[in-house]
Amino acid sequence: MKGIVFTEFVDMVDNQFGMEVTEAMLDRVQLASGGAYTQVGDYHHGEMISLVAALADEVNVPVEQLLIAYGRTLFDRLVAVHKVELDRFSGSFDFLQQVENNIHRQVRKLYDNAQPPTFEFDSVNASTMEMRYHSHRGFGAVAEGLILRCGECFGETLSLTRTPLNEQGTEVRFVLERG
Ligand code: HEM
């Protein structure tokens with residue numbers, strides 16, 4: 001998985017919990033990479049799962065909650081790094097559909113080994129959108145944080161339900177309601 005996903009996670013831990021917690025988290029896990037992440041590197045997503053589990057133990061916050069918080073900060077970082085102009089989109093529903101048709105597609109072209117998730121859109125109208133997330137990584141909770149932050153950035157009141165469609169969470173259904 002691309003290094004930005006890791007560097008952003010470590011930055012979030014530094015900012016929200018302090019560097020001592022980051023160090024304690026890294027000390028708790030044996031990492032093939034040694035934990036020295038760079039934005040241009042590639043790392044196994046299993047490392048991310050180990051890090052989040054270690055952080056959850058360290059700060060006593062559930063893994064899911066940490067992944068959602070992380071998705072929120074990742075959204076801001078991805079928008080900044082990839083210079084995405086949000087005002088070119090009419091709102092979060094438009095944007096999320098473009099992530100699949102455009103943004104993640106370009107990510108796959110840009111880095112041969114990138115495997116961003118794919119989405120399918122089952123029903124879309126002005127106030128409700130149903131989408132399904134697919135990824136072997138099972139990061140539906142990260143997707144939830146990304147989606148919620150996306151709604152905020154468009155100044156929308158967005159609520160969602162997230163339903164895993166299998167045990168590994170590699171397929172997840174989201175129902176989004178926009179006020
Ligand atoms: C701001 C525009 C976005 C850009 C430039 C972007 C780009 C990326 C990149 C580079 C990765 C890493 C892929 C890899 O390591 O192989 C990624 C992963 C991911 N993206 Fe996006 N993304 C964007 C928005 C979103 C949004 C709005 C969602 C909401 C659902 C989303 C969902 C995810 C998830 C959950 C992952 C983690 C990997 C996985 O689940 O397989 N992304 N994205």
# chains A, B, ... in the order shown; residues from 1 in each chain; ligands from 1

call {"tool": "residues_around", "arguments": {"residues": "Phe139 (chain A)", "least_positions_apart": "2", "cutoff": "10 Å", "atoms": "only C-alpha atoms", "output": "VMD selection string"}}
result
chain A and resid 45 49 64 67 to 68 71 117 133 to 137 141 to 144 168 to 172

call {"tool": "write_last_selection", "arguments": {"atoms": "N, CA and C atoms", "output": "PDB file, in the first residue's frame"}}
result
ATOM      1  N   HIS A  45      -0.241  -3.877   3.768  1.00  0.00           N
ATOM      2  CA  HIS A  45      -1.328  -3.279   4.560  1.00  0.00           C
ATOM      3  C   HIS A  45      -1.484  -3.952   5.920  1.00  0.00           C
ATOM      4  N   ILE A  49      -2.644  -2.624   9.903  1.00  0.00           N
ATOM      5  CA  ILE A  49      -3.568  -3.276  10.839  1.00  0.00           C
ATOM      6  C   ILE A  49      -2.868  -3.491  12.188  1.00  0.00           C
ATOM      7  N   GLU A  64     -12.029   0.543  15.393  1.00  0.00           N
ATOM      8  CA  GLU A  64     -12.944   1.154  14.405  1.00  0.00           C
ATOM      9  C   GLU A  64     -12.951   2.670  14.515  1.00  0.00           C
ATOM     10  N   LEU A  67      -9.840   4.110  13.072  1.00  0.00           N
ATOM     11  CA  LEU A  67      -9.789   4.054  11.607  1.00  0.00           C
ATOM     12  C   LEU A  67     -10.679   5.131  10.984  1.00  0.00           C
ATOM     13  N   ILE A  68     -11.816   5.412  11.613  1.00  0.00           N
ATOM     14  CA  ILE A  68     -12.715   6.457  11.092  1.00  0.00           C
ATOM     15  C   ILE A  68     -12.024   7.820  11.223  1.00  0.00           C
ATOM     16  N   GLY A  71      -9.422   8.109   8.595  1.00  0.00           N
ATOM     17  CA  GLY A  71      -9.999   8.368   7.266  1.00  0.00           C
ATOM     18  C   GLY A  71     -10.284   9.851   7.078  1.00  0.00           C
ATOM     19  N   PRO A 117      -9.306   0.974  -3.590  1.00  0.00           N
ATOM     20  CA  PRO A 117     -10.550   0.208  -3.624  1.00  0.00           C
ATOM     21  C   PRO A 117     -11.408   0.603  -4.826  1.00  0.00           C
ATOM     22  N   TYR A 133     -18.330  -0.718  -1.395  1.00  0.00           N
ATOM     23  CA  TYR A 133     -16.870  -0.657  -1.393  1.00  0.00           C
ATOM     24  C   TYR A 133     -16.333  -2.073  -1.558  1.00  0.00           C
ATOM     25  N   HIS A 134     -15.306  -2.231  -2.406  1.00  0.00           N
ATOM     26  CA  HIS A 134     -14.626  -3.533  -2.538  1.00  0.00           C
ATOM     27  C   HIS A 134     -13.133  -3.306  -2.391  1.00  0.00           C
ATOM     28  N   SER A 135     -12.505  -4.047  -1.505  1.00  0.00           N
ATOM     29  CA  SER A 135     -11.045  -4.023  -1.412  1.00  0.00           C
ATOM     30  C   SER A 135     -10.601  -5.220  -0.596  1.00  0.00           C
ATOM     31  N   HIS A 136      -9.530  -5.885  -1.039  1.00  0.00           N
ATOM     32  CA  HIS A 136      -9.039  -7.035  -0.279  1.00  0.00           C
ATOM     33  C   HIS A 136      -8.545  -6.593   1.098  1.00  0.00           C
ATOM     34  N   ARG A 137      -8.380  -5.284   1.298  1.00  0.00           N
ATOM     35  CA  ARG A 137      -7.836  -4.824   2.582  1.00  0.00           C
ATOM     36  C   ARG A 137      -8.888  -4.685   3.685  1.00  0.00           C
ATOM     37  N   ALA A 141     -13.939   1.017   7.457  1.00  0.00           N
ATOM     38  CA  ALA A 141     -14.011   2.080   8.477  1.00  0.00           C
ATOM     39  C   ALA A 141     -13.207   3.305   8.034  1.00  0.00           C
ATOM     40  N   VAL A 142     -12.087   3.065   7.318  1.00  0.00           N
ATOM     41  CA  VAL A 142     -11.313   4.197   6.775  1.00  0.00           C
ATOM     42  C   VAL A 142     -12.170   4.912   5.724  1.00  0.00           C
ATOM     43  N   ALA A 143     -12.863   4.116   4.891  1.00  0.00           N
ATOM     44  CA  ALA A 143     -13.741   4.713   3.879  1.00  0.00           C
ATOM     45  C   ALA A 143     -14.818   5.563   4.555  1.00  0.00           C
ATOM     46  N   GLU A 144     -15.343   5.081   5.683  1.00  0.00           N
ATOM     47  CA  GLU A 144     -16.368   5.869   6.393  1.00  0.00           C
ATOM     48  C   GLU A 144     -15.830   7.259   6.774  1.00  0.00           C
ATOM     49  N   GLN A 168     -14.839 -10.715   6.299  1.00  0.00           N
ATOM     50  CA  GLN A 168     -13.543 -10.022   6.212  1.00  0.00           C
ATOM     51  C   GLN A 168     -13.712  -8.526   5.963  1.00  0.00           C
ATOM     52  N   GLY A 169     -14.935  -8.100   5.688  1.00  0.00           N
ATOM     53  CA  GLY A 169     -15.166  -6.674   5.419  1.00  0.00           C
ATOM     54  C   GLY A 169     -14.568  -6.221   4.097  1.00  0.00           C
ATOM     55  N   THR A 170     -14.378  -7.163   3.161  1.00  0.00           N
ATOM     56  CA  THR A 170     -13.821  -6.769   1.862  1.00  0.00           C
ATOM     57  C   THR A 170     -14.903  -6.185   0.951  1.00  0.00           C
ATOM     58  N   GLU A 171     -16.171  -6.405   1.319  1.00  0.00           N
ATOM     59  CA  GLU A 171     -17.290  -5.769   0.610  1.00  0.00           C
ATOM     60  C   GLU A 171     -18.168  -5.117   1.651  1.00  0.00           C
ATOM     61  N   VAL A 172     -18.434  -3.840   1.447  1.00  0.00           N
ATOM     62  CA  VAL A 172     -19.179  -3.087   2.458  1.00  0.00           C
ATOM     63  C   VAL A 172     -20.217  -2.224   1.758  1.00  0.00           C
TER      64      VAL A 172
END

call {"tool": "closest_atom_pairs", "arguments": {"of": "chain A", "to": "ligand 1", "cutoff": "8 Å", "atoms": "only C-alpha atoms and all ligand atoms", "output": "Markdown table"}}
result
| residue | atom | partner | partner_atom_place_in_ligand_line | distance |
| --- | --- | --- | --- | --- |
| A:Met1 | CA | ligand 1 | 15 (O) | 3.3 |
| A:Lys2 | CA | ligand 1 | 15 (O) | 3.6 |
| A:Gly3 | CA | ligand 1 | 15 (O) | 7.0 |
| A:Ile4 | CA | ligand 1 | 10 (C) | 7.2 |
| A:Val5 | CA | ligand 1 | 12 (C) | 6.2 |
| A:Asp42 | CA | ligand 1 | 15 (O) | 7.4 |
| A:Gly71 | CA | ligand 1 | 35 (C) | 7.5 |
| A:Phe75 | CA | ligand 1 | 1 (C) | 5.7 |
| A:Asp76 | CA | ligand 1 | 1 (C) | 7.3 |
| A:Arg77 | CA | ligand 1 | 1 (C) | 7.8 |
| A:Leu78 | CA | ligand 1 | 1 (C) | 4.7 |
| A:Val79 | CA | ligand 1 | 1 (C) | 4.1 |
| A:Ala80 | CA | ligand 1 | 1 (C) | 7.8 |
| A:Val81 | CA | ligand 1 | 5 (C) | 7.4 |
| A:His82 | CA | ligand 1 | 5 (C) | 5.3 |
| A:Val84 | CA | ligand 1 | 1 (C) | 6.2 |
| A:Phe95 | CA | ligand 1 | 27 (C) | 7.3 |
| A:Leu96 | CA | ligand 1 | 27 (C) | 5.5 |
| A:Val99 | CA | ligand 1 | 24 (C) | 5.8 |
| A:Ile103 | CA | ligand 1 | 5 (C) | 5.8 |
| A:His104 | CA | ligand 1 | 7 (C) | 5.7 |
| A:Val107 | CA | ligand 1 | 10 (C) | 5.7 |
| A:Arg108 | CA | ligand 1 | 16 (O) | 7.8 |
| A:Asn113 | CA | ligand 1 | 16 (O) | 6.6 |
| A:Ala114 | CA | ligand 1 | 16 (O) | 3.4 |
| A:Gln115 | CA | ligand 1 | 16 (O) | 3.7 |
| A:Pro116 | CA | ligand 1 | 13 (C) | 4.0 |
| A:Pro117 | CA | ligand 1 | 41 (O) | 4.4 |
| A:Phe119 | CA | ligand 1 | 30 (C) | 7.9 |
| A:Tyr133 | CA | ligand 1 | 30 (C) | 7.3 |
| A:His134 | CA | ligand 1 | 41 (O) | 7.6 |
| A:Ser135 | CA | ligand 1 | 41 (O) | 4.7 |
| A:His136 | CA | ligand 1 | 41 (O) | 6.4 |
| A:Arg137 | CA | ligand 1 | 41 (O) | 5.0 |
| A:Gly138 | CA | ligand 1 | 40 (O) | 6.0 |
| A:Phe139 | CA | ligand 1 | 40 (O) | 4.4 |
| A:Gly140 | CA | ligand 1 | 35 (C) | 6.0 |
| A:Ala141 | CA | ligand 1 | 35 (C) | 7.5 |
| A:Val142 | CA | ligand 1 | 35 (C) | 5.0 |
| A:Ala143 | CA | ligand 1 | 30 (C) | 4.0 |
| A:Glu144 | CA | ligand 1 | 30 (C) | 6.4 |
| A:Gly145 | CA | ligand 1 | 29 (C) | 7.7 |
| A:Leu146 | CA | ligand 1 | 29 (C) | 4.8 |
| A:Ile147 | CA | ligand 1 | 29 (C) | 4.9 |
| A:Cys150 | CA | ligand 1 | 27 (C) | 6.2 |

call {"tool": "select_by_dssp", "arguments": {"residues": "region 44-135 of chain A", "states": "helix (DSSP H, G or I)", "output": "ChimeraX atom specification"}}
result
/A:45-59,63-81,86-88,92-110

call {"tool": "closest_residue", "arguments": {"among": "A:Phe154, A:Tyr70, A:Tyr37, A:Phe93", "to": "Leu55 (chain A)", "atoms": "only C-alpha atoms"}}
result
A:Tyr70

call {"tool": "residues_around", "arguments": {"residues": "Ala53 (chain A)", "least_positions_apart": "3", "cutoff": "12 Å", "atoms": "only C-alpha atoms", "output": "JSON, numbers by chain"}}
result
{"A": [25, 26, 28, 29, 46, 47, 48, 49, 50, 56, 57, 58, 59, 60, 61, 62, 63, 64, 65, 66, 67]}

call {"tool": "write_last_selection", "arguments": {"atoms": "N, CA and C atoms", "output": "CSV table (one decimal), in the first residue's frame"}}
result
chain,number,residue,atom,x,y,z
A,25,MET,N,3.6,3.0,20.3
A,25,MET,CA,2.9,2.2,19.3
A,25,MET,C,3.9,1.4,18.5
A,26,LEU,N,4.9,2.1,18.0
A,26,LEU,CA,5.9,1.5,17.1
A,26,LEU,C,6.6,0.4,17.9
A,28,ARG,N,5.5,-1.5,20.2
A,28,ARG,CA,4.7,-2.7,20.4
A,28,ARG,C,4.7,-3.7,19.3
A,29,VAL,N,5.0,-3.2,18.1
A,29,VAL,CA,4.9,-4.1,16.9
A,29,VAL,C,6.3,-4.4,16.2
A,46,GLY,N,-0.9,-5.2,6.1
A,46,GLY,CA,-0.9,-5.9,7.4
A,46,GLY,C,-0.2,-5.0,8.4
A,47,GLU,N,0.8,-4.2,8.0
A,47,GLU,CA,1.5,-3.4,9.0
A,47,GLU,C,0.5,-2.3,9.5
A,48,MET,N,-0.3,-1.8,8.7
A,48,MET,CA,-1.3,-0.8,9.1
A,48,MET,C,-2.2,-1.4,10.1
A,49,ILE,N,-2.6,-2.6,9.9
A,49,ILE,CA,-3.6,-3.3,10.8
A,49,ILE,C,-2.9,-3.5,12.2
A,50,SER,N,-1.6,-3.9,12.1
A,50,SER,CA,-0.8,-4.1,13.4
A,50,SER,C,-0.7,-2.8,14.1
A,56,ALA,N,-4.7,1.1,19.5
A,56,ALA,CA,-5.9,0.9,20.2
A,56,ALA,C,-5.6,0.4,21.7
A,57,ASP,N,-4.6,-0.5,21.8
A,57,ASP,CA,-4.2,-0.9,23.1
A,57,ASP,C,-3.6,0.2,23.9
A,58,GLU,N,-2.8,1.0,23.3
A,58,GLU,CA,-2.0,2.0,23.9
A,58,GLU,C,-2.9,3.1,24.5
A,59,VAL,N,-3.9,3.5,23.7
A,59,VAL,CA,-4.7,4.7,24.1
A,59,VAL,C,-6.1,4.2,24.5
A,60,ASN,N,-6.4,2.9,24.5
A,60,ASN,CA,-7.7,2.4,24.9
A,60,ASN,C,-8.9,3.0,24.2
A,61,VAL,N,-8.7,3.1,22.9
A,61,VAL,CA,-9.8,3.6,22.0
A,61,VAL,C,-10.1,2.4,21.0
A,62,PRO,N,-11.3,2.1,20.7
A,62,PRO,CA,-11.6,1.0,19.7
A,62,PRO,C,-11.0,1.2,18.4
A,63,VAL,N,-10.5,0.1,17.8
A,63,VAL,CA,-9.9,0.2,16.4
A,63,VAL,C,-10.7,0.9,15.4
A,64,GLU,N,-12.0,0.5,15.4
A,64,GLU,CA,-12.9,1.2,14.4
A,64,GLU,C,-13.0,2.7,14.5
A,65,GLN,N,-13.0,3.1,15.8
A,65,GLN,CA,-13.1,4.6,16.0
A,65,GLN,C,-11.8,5.3,15.5
A,66,LEU,N,-10.7,4.6,15.7
A,66,LEU,CA,-9.4,5.1,15.2
A,66,LEU,C,-9.3,5.2,13.7
A,67,LEU,N,-9.8,4.1,13.1
A,67,LEU,CA,-9.8,4.1,11.6
A,67,LEU,C,-10.7,5.1,11.0

call {"tool": "atom_distance", "arguments": {"atom1": "CA of Arg149 (chain A)", "atom2": "CA of Arg105 (chain A)"}}
result
21.0 Å

call {"tool": "atom_distance", "arguments": {"atom1": "CA of Ser127 (chain A)", "atom2": "CA of Arg178 (chain A)"}}
result
4.9 Å

call {"tool": "select_by_dssp", "arguments": {"residues": "region 43-171 of chain A", "states": "strand (DSSP E)", "output": "list in words"}}
result
Thr118, Phe119, Glu120, Phe121, Asp122, Ser123, Val124, Thr128, Met129, Glu130, Met131, Arg132, Tyr133, His134, Leu158, Ser159, Leu160, Thr161, Arg162, Thr163, Pro164 and Glu171 of chain A

call {"tool": "closest_residue", "arguments": {"among": "A:Ser90, A:Gln16, A:Thr7, A:Thr22", "to": "Ala126 (chain A)", "atoms": "only C-alpha atoms"}}
result
A:Ser90

call {"tool": "residues_around", "arguments": {"residues": "Val175 (chain A)", "least_positions_apart": "2", "cutoff": "7 Å", "atoms": "only C-alpha atoms", "output": "VMD selection string"}}
result
chain A and resid 129 to 131 160 to 162 173 177

call {"tool": "write_last_selection", "arguments": {"atoms": "all heavy atoms", "output": "mmCIF file, in the first residue's frame"}}
result
data_model
loop_
_atom_site.group_PDB
_atom_site.id
_atom_site.type_symbol
_atom_site.label_atom_id
_atom_site.label_comp_id
_atom_site.auth_asym_id
_atom_site.auth_seq_id
_atom_site.Cartn_x
_atom_site.Cartn_y
_atom_site.Cartn_z
ATOM 1 N N MET A 129 -27.740 8.056 -1.434
ATOM 2 C CA MET A 129 -26.869 7.327 -2.364
ATOM 3 C C MET A 129 -26.434 6.027 -1.692
ATOM 4 O O MET A 129 -26.067 6.023 -0.521
ATOM 5 C CB MET A 129 -25.641 8.169 -2.717
ATOM 6 C CG MET A 129 -24.762 7.498 -3.759
ATOM 7 S SD MET A 129 -23.583 8.650 -4.521
ATOM 8 C CE MET A 129 -22.279 8.592 -3.324
ATOM 9 N N GLU A 130 -26.510 4.944 -2.453
ATOM 10 C CA GLU A 130 -26.075 3.660 -1.931
ATOM 11 C C GLU A 130 -24.828 3.254 -2.700
ATOM 12 O O GLU A 130 -24.850 3.258 -3.937
ATOM 13 C CB GLU A 130 -27.195 2.648 -2.166
ATOM 14 C CG GLU A 130 -27.194 1.567 -1.136
ATOM 15 C CD GLU A 130 -28.391 0.642 -1.298
ATOM 16 O OE1 GLU A 130 -29.535 1.132 -1.380
ATOM 17 O OE2 GLU A 130 -28.131 -0.567 -1.359
ATOM 18 N N MET A 131 -23.751 2.974 -2.002
ATOM 19 C CA MET A 131 -22.534 2.559 -2.710
ATOM 20 C C MET A 131 -21.920 1.350 -2.027
ATOM 21 O O MET A 131 -22.073 1.162 -0.823
ATOM 22 C CB MET A 131 -21.534 3.724 -2.799
ATOM 23 C CG MET A 131 -21.024 4.272 -1.490
ATOM 24 S SD MET A 131 -20.028 5.795 -1.725
ATOM 25 C CE MET A 131 -18.377 5.111 -1.808
ATOM 26 N N LEU A 160 -24.520 8.374 7.534
ATOM 27 C CA LEU A 160 -24.350 7.131 6.782
ATOM 28 C C LEU A 160 -24.527 5.912 7.651
ATOM 29 O O LEU A 160 -24.348 5.975 8.870
ATOM 30 C CB LEU A 160 -22.998 7.100 6.065
ATOM 31 C CG LEU A 160 -21.684 7.079 6.831
ATOM 32 C CD1 LEU A 160 -21.394 5.710 7.439
ATOM 33 C CD2 LEU A 160 -20.551 7.416 5.873
ATOM 34 N N THR A 161 -24.894 4.801 7.007
ATOM 35 C CA THR A 161 -24.810 3.507 7.683
ATOM 36 C C THR A 161 -23.832 2.653 6.888
ATOM 37 O O THR A 161 -23.797 2.719 5.656
ATOM 38 C CB THR A 161 -26.169 2.771 7.749
ATOM 39 O OG1 THR A 161 -26.673 2.657 6.424
ATOM 40 C CG2 THR A 161 -27.176 3.504 8.608
ATOM 41 N N ARG A 162 -23.042 1.884 7.622
ATOM 42 C CA ARG A 162 -22.024 1.027 6.991
ATOM 43 C C ARG A 162 -22.351 -0.410 7.357
ATOM 44 O O ARG A 162 -22.407 -0.752 8.534
ATOM 45 C CB ARG A 162 -20.636 1.411 7.525
ATOM 46 C CG ARG A 162 -19.538 0.437 7.157
ATOM 47 C CD ARG A 162 -18.143 1.002 7.446
ATOM 48 N NE ARG A 162 -17.998 1.582 8.770
ATOM 49 C CZ ARG A 162 -17.486 0.933 9.817
ATOM 50 N NH1 ARG A 162 -17.068 -0.303 9.703
ATOM 51 N NH2 ARG A 162 -17.382 1.530 10.984
ATOM 52 N N ARG A 173 -21.428 -2.212 2.305
ATOM 53 C CA ARG A 173 -22.452 -1.331 1.732
ATOM 54 C C ARG A 173 -22.587 -0.066 2.573
ATOM 55 O O ARG A 173 -22.654 -0.131 3.795
ATOM 56 C CB ARG A 173 -23.806 -2.039 1.659
ATOM 57 C CG ARG A 173 -24.836 -1.137 0.979
ATOM 58 C CD ARG A 173 -26.129 -1.820 0.613
ATOM 59 N NE ARG A 173 -26.840 -2.221 1.804
ATOM 60 C CZ ARG A 173 -27.254 -3.456 2.033
ATOM 61 N NH1 ARG A 173 -27.033 -4.407 1.162
ATOM 62 N NH2 ARG A 173 -27.881 -3.754 3.145
ATOM 63 N N GLU A 177 -27.184 9.527 3.490
ATOM 64 C CA GLU A 177 -28.356 10.419 3.466
ATOM 65 C C GLU A 177 -27.845 11.841 3.592
ATOM 66 O O GLU A 177 -27.079 12.143 4.516
ATOM 67 C CB GLU A 177 -29.276 10.169 4.677
ATOM 68 C CG GLU A 177 -29.738 8.747 4.853
ATOM 69 C CD GLU A 177 -31.015 8.449 4.081
ATOM 70 O OE1 GLU A 177 -31.625 9.401 3.552
ATOM 71 O OE2 GLU A 177 -31.368 7.259 4.011
#

call {"tool": "decode", "arguments": {"residues": "region 132-142 of chain A", "atoms": "all heavy atoms", "output": "CSV table (one decimal), in the first residue's frame"}}
result
chain,number,residue,atom,x,y,z
A,132,ARG,N,-21.3,0.5,-2.8
A,132,ARG,CA,-20.6,-0.6,-2.3
A,132,ARG,C,-19.1,-0.5,-2.5
A,132,ARG,O,-18.6,-0.2,-3.6
A,132,ARG,CB,-21.1,-1.9,-2.9
A,132,ARG,CG,-22.3,-2.5,-2.2
A,132,ARG,CD,-22.8,-3.7,-2.8
A,132,ARG,NE,-23.3,-3.4,-4.2
A,132,ARG,CZ,-23.2,-4.2,-5.2
A,132,ARG,NH1,-22.7,-5.4,-5.1
A,132,ARG,NH2,-23.7,-3.8,-6.4
A,133,TYR,N,-18.3,-0.7,-1.4
A,133,TYR,CA,-16.9,-0.7,-1.4
A,133,TYR,C,-16.3,-2.1,-1.6
A,133,TYR,O,-16.8,-3.0,-0.9
A,133,TYR,CB,-16.4,0.0,0.0
A,133,TYR,CG,-15.1,-0.4,0.5
A,133,TYR,CD1,-14.0,0.5,0.3
A,133,TYR,CD2,-14.8,-1.6,1.1
A,133,TYR,CE1,-12.7,0.2,0.8
A,133,TYR,CE2,-13.6,-1.9,1.6
A,133,TYR,CZ,-12.5,-1.0,1.4
A,133,TYR,OH,-11.3,-1.3,1.9
A,134,HIS,N,-15.3,-2.2,-2.4
A,134,HIS,CA,-14.6,-3.5,-2.5
A,134,HIS,C,-13.1,-3.3,-2.4
A,134,HIS,O,-12.6,-2.5,-3.1
A,134,HIS,CB,-14.8,-4.1,-3.9
A,134,HIS,CG,-16.2,-4.3,-4.4
A,134,HIS,ND1,-16.8,-5.6,-4.3
A,134,HIS,CD2,-17.0,-3.5,-4.9
A,134,HIS,CE1,-18.0,-5.4,-4.8
A,134,HIS,NE2,-18.2,-4.2,-5.1
A,135,SER,N,-12.5,-4.0,-1.5
A,135,SER,CA,-11.0,-4.0,-1.4
A,135,SER,C,-10.6,-5.2,-0.6
A,135,SER,O,-11.2,-5.5,0.4
A,135,SER,CB,-10.6,-2.7,-0.7
A,135,SER,OG,-9.2,-2.9,-0.3
A,136,HIS,N,-9.5,-5.9,-1.0
A,136,HIS,CA,-9.0,-7.0,-0.3
A,136,HIS,C,-8.5,-6.6,1.1
A,136,HIS,O,-8.3,-7.4,2.0
A,136,HIS,CB,-7.9,-7.7,-1.1
A,136,HIS,CG,-6.7,-6.9,-1.2
A,136,HIS,ND1,-6.6,-5.8,-2.1
A,136,HIS,CD2,-5.5,-7.0,-0.6
A,136,HIS,CE1,-5.4,-5.3,-2.0
A,136,HIS,NE2,-4.7,-5.9,-1.1
A,137,ARG,N,-8.4,-5.3,1.3
A,137,ARG,CA,-7.8,-4.8,2.6
A,137,ARG,C,-8.9,-4.7,3.7
A,137,ARG,O,-8.5,-4.6,4.9
A,137,ARG,CB,-7.2,-3.5,2.4
A,137,ARG,CG,-6.0,-3.6,1.4
A,137,ARG,CD,-5.4,-2.3,1.3
A,137,ARG,NE,-4.2,-2.4,0.4
A,137,ARG,CZ,-4.1,-1.6,-0.7
A,137,ARG,NH1,-5.0,-0.7,-1.0
A,137,ARG,NH2,-3.0,-1.8,-1.5
A,138,GLY,N,-10.1,-4.6,3.3
A,138,GLY,CA,-11.2,-4.5,4.3
A,138,GLY,C,-11.1,-3.3,5.1
A,138,GLY,O,-11.2,-3.3,6.4
A,139,PHE,N,-10.9,-2.1,4.5
A,139,PHE,CA,-10.8,-0.8,5.2
A,139,PHE,C,-12.0,0.0,5.1
A,139,PHE,O,-12.0,1.2,4.9
A,139,PHE,CB,-9.6,0.0,4.8
A,139,PHE,CG,-8.2,-0.5,5.3
A,139,PHE,CD1,-7.0,-0.1,4.7
A,139,PHE,CD2,-8.2,-1.2,6.5
A,139,PHE,CE1,-5.8,-0.6,5.2
A,139,PHE,CE2,-7.0,-1.7,7.0
A,139,PHE,CZ,-5.8,-1.3,6.4
A,140,GLY,N,-13.2,-0.6,5.3
A,140,GLY,CA,-14.5,0.1,5.3
A,140,GLY,C,-14.5,1.2,6.3
A,140,GLY,O,-15.2,2.2,6.0
A,141,ALA,N,-13.9,1.0,7.5
A,141,ALA,CA,-14.0,2.1,8.5
A,141,ALA,C,-13.2,3.3,8.0
A,141,ALA,O,-13.6,4.4,8.3
A,141,ALA,CB,-13.5,1.6,9.8
A,142,VAL,N,-12.1,3.1,7.3
A,142,VAL,CA,-11.3,4.2,6.8
A,142,VAL,C,-12.2,4.9,5.7
A,142,VAL,O,-12.2,6.1,5.7
A,142,VAL,CB,-10.0,3.7,6.1
A,142,VAL,CG1,-9.2,4.9,5.5
A,142,VAL,CG2,-9.1,3.0,7.2
